[in-house]
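Below is one structure, written out as structure tokens, with a few remarks after it.
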Amino acid sequence: MSKERSELKSIGYEIFIGILSTLSIVNLVLLYVVQDKSLGTVLTVMNGLFSLIFLADFIYRITTAPSAGAYFFRHFGWADLLASMPLEQVKILRAFRLARVFRLLREVGVRTVGRTLSKDRAGSSLYILLVMGILVLEFGSLAILRVEQGVPGANITTASDALWYTIVTISTVGYGDKFPVSDAGRIIGSGIIVVGVGIFGTFTGYLATFFLSPRKKETAPPVDAGGTGSPG
């Protein structure tokens, strides 16, 4: 495998990073569009989460790259590092990460991408669950906060309330300390519950299968034709 091709990680992982890169760029636009301070706080928290993920991605890539120097200087590793920092001025550099994902997947080919994802269904399902969880966490929090914060008697009135409610609901814990009181909020909450149960249940099943499934037994070494492998 050439150095250029070995820059590619697993297909599912590259698509996962590409989706998060796209979402993080969308968040940057939303931060300038949204005028509500509480909604902006939710977006800021999610951007902080993306920064942690992208920093881990940078560490992973530079430690597994065929040449750390080539990755850092020629393949815009420096842009990955800067874009992972909690600074609004450099987050636009995440576009370089998105461009790399498109370039690598284009080199592999659409058919190969589809065939690989179909073959590795377990790994692909895990990345889908992670993306869905992040999407529900962000947009579920934004939606529930948007409709609840101005309602009389509401207890979901801040960004931390909305994020806490969504996390507790997705994880199916259901403390009940935060809950929607408006009809629109209850509809949104019902959607978060249904999707959250599916995400958490599937993720739990994935982990159970991963840790409890029996490993393939190693085959015994063959005995040579002269019978030297048998006891004398």
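Here, A, B, ... name the chains of the structure tokens in the order displayed, residue numbers run from 1 inside each chain, and ligands are numbered from 1 in the same displayed order.
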
8 Å contact set for A:Thr172, only C-alpha atoms, chain neighbours under 6 positions out, as a list in words: Ile193, Gly196, Val197 and Phe200 of chain A

Suppose we keep N, CA and C atoms; can you now write the selection as a PDB file, in the first residue's frame?
ATOM      1  N   ILE A 193     -37.312  10.559  23.158  1.00  0.00           N
ATOM      2  CA  ILE A 193     -37.428   9.289  23.886  1.00  0.00           C
ATOM      3  C   ILE A 193     -37.372   8.106  22.923  1.00  0.00           C
ATOM      4  N   GLY A 196     -33.967   7.926  21.323  1.00  0.00           N
ATOM      5  CA  GLY A 196     -32.976   7.607  22.346  1.00  0.00           C
ATOM      6  C   GLY A 196     -33.015   6.150  22.757  1.00  0.00           C
ATOM      7  N   VAL A 197     -34.220   5.601  22.906  1.00  0.00           N
ATOM      8  CA  VAL A 197     -34.339   4.183  23.260  1.00  0.00           C
ATOM      9  C   VAL A 197     -33.721   3.317  22.173  1.00  0.00           C
ATOM     10  N   PHE A 200     -29.755   3.873  22.334  1.00  0.00           N
ATOM     11  CA  PHE A 200     -29.126   3.285  23.521  1.00  0.00           C
ATOM     12  C   PHE A 200     -29.274   1.773  23.533  1.00  0.00           C
TER      13      PHE A 200
END

Wanna dump the stretch 107-211 of chain A-stretch 22-37 of chain A contacts at 12 Å for me, each residue with its shortest atom pair and the distance in Å to one decimal, counting only C-alpha atoms, ordered by chain and number, as a Markdown table?
| residue | atom | partner | partner_atom | distance |
| --- | --- | --- | --- | --- |
| A:Val131 | CA | A:Leu23 | CA | 10.0 |
| A:Met132 | CA | A:Leu23 | CA | 12.0 |
| A:Ile134 | CA | A:Leu23 | CA | 9.8 |
| A:Leu135 | CA | A:Leu23 | CA | 8.8 |
| A:Glu138 | CA | A:Asn27 | CA | 9.8 |
| A:Phe139 | CA | A:Asn27 | CA | 10.7 |
| A:Leu142 | CA | A:Asp36 | CA | 10.6 |
| A:Leu145 | CA | A:Asp36 | CA | 10.5 |
| A:Arg146 | CA | A:Asp36 | CA | 9.0 |
| A:Gln149 | CA | A:Asp36 | CA | 10.8 |
| A:Gly150 | CA | A:Asp36 | CA | 11.8 |
| A:Thr157 | CA | A:Lys37 | CA | 11.4 |
| A:Thr158 | CA | A:Lys37 | CA | 9.3 |
| A:Ala159 | CA | A:Lys37 | CA | 8.9 |

Backbone-only DSSP, alpha helix (DSSP H) members of stretch 2-228 of chain A, as number ranges by chain: A: 3-6, 11-33, 37-64, 68-69, 77-83, 94-108, 110-119, 121-148, 159-170, 183-212

Contacts of A:Arg97 at 12 Å (only C-alpha atoms; same-chain gap of 6+ positions) as a ChimeraX atom specification: /A:14-22,24-25,54-55,57-58,61,71,75-84,91,103-104

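Here atom CA of A:Ala143 is placed at a distance of 18.5 Å from atom CA of A:Asp177.
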
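Distance-wise, atom CA of A:Asn47 and atom CA of A:Leu130 end up 15.7 Å apart.
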
Exercise: A:Ser190 partners within 12 Å, only C-alpha atoms, chain neighbours under 3 positions left out, as JSON, numbers by chain: {"A": [140, 144, 166, 169, 170, 179, 180, 183, 184, 185, 186, 187, 193, 194, 195, 196, 197]}

Got time to write the residues from that selection, N, CA and C atoms, as a compact mmCIF listing (two decimals), in the first residue's frame?
# COMPACT_ATOMS: atom_id res chain seq x y z
N GLY A 140 -31.96 18.08 19.41
CA GLY A 140 -32.98 17.86 20.43
C GLY A 140 -32.90 18.92 21.52
N ILE A 144 -35.94 21.62 22.12
CA ILE A 144 -36.66 21.63 23.39
C ILE A 144 -36.45 22.95 24.12
N THR A 166 -31.81 16.24 27.56
CA THR A 166 -31.61 15.40 26.38
C THR A 166 -30.70 14.22 26.68
N THR A 169 -32.58 11.73 28.81
CA THR A 169 -33.62 11.06 28.04
C THR A 169 -33.02 10.05 27.07
N ILE A 170 -31.94 10.42 26.37
CA ILE A 170 -31.30 9.50 25.44
C ILE A 170 -30.80 8.26 26.17
N PHE A 179 -38.39 18.38 32.65
CA PHE A 179 -39.41 17.81 31.76
C PHE A 179 -40.13 18.93 31.04
N PRO A 180 -40.61 18.67 29.82
CA PRO A 180 -41.34 19.70 29.06
C PRO A 180 -42.75 19.87 29.60
N ASP A 183 -47.18 21.61 24.96
CA ASP A 183 -47.54 20.54 24.02
C ASP A 183 -46.43 20.31 23.00
N ALA A 184 -45.89 21.41 22.48
CA ALA A 184 -44.81 21.28 21.49
C ALA A 184 -43.59 20.61 22.13
N GLY A 185 -43.29 20.99 23.39
CA GLY A 185 -42.16 20.39 24.09
C GLY A 185 -42.35 18.91 24.32
N ARG A 186 -43.59 18.51 24.64
CA ARG A 186 -43.86 17.09 24.87
C ARG A 186 -43.74 16.28 23.58
N ILE A 187 -44.14 16.89 22.47
CA ILE A 187 -43.98 16.20 21.17
C ILE A 187 -42.49 16.00 20.87
N ILE A 193 -37.31 10.56 23.16
CA ILE A 193 -37.43 9.29 23.89
C ILE A 193 -37.37 8.11 22.92
N VAL A 194 -38.18 8.17 21.86
CA VAL A 194 -38.24 7.06 20.90
C VAL A 194 -36.88 6.83 20.25
N VAL A 195 -36.27 7.91 19.75
CA VAL A 195 -34.96 7.77 19.10
C VAL A 195 -33.91 7.35 20.11
N GLY A 196 -33.97 7.93 21.32
CA GLY A 196 -32.98 7.61 22.35
C GLY A 196 -33.02 6.15 22.76
N VAL A 197 -34.22 5.60 22.91
CA VAL A 197 -34.34 4.18 23.26
C VAL A 197 -33.72 3.32 22.17

Contact residues around A:Gly114 with only C-alpha atoms at 10 Å, ignoring same-chain residues under 5 positions, as a VMD selection string: chain A and resid 11 109 119

Pick from A:Ser171, A:Ala208, A:Glu88, A:Ser38, whichever lies nearest to A:Ile156 using only C-alpha atoms: A:Ser38

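One distance worth recording is that between atom CA of A:Ile92 and atom CA of A:Leu129, which is 26.1 Å.
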
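Closest approach to A:Leu49 among A:Gly12, A:Leu105, A:Leu137, A:Ala99 is made by A:Leu137 (distances from only C-alpha atoms).
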
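Compared by their closest atoms to A:Lys9, and using only C-alpha atoms, the residues A:Leu52, A:Leu39, A:Ile59, A:Val101 rank with A:Val101 nearest.
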
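Shortest atom-to-atom contact with A:Asn155 among A:Arg106, A:Arg115, A:Lys178, A:Arg100: A:Lys178, counting only C-alpha atoms.
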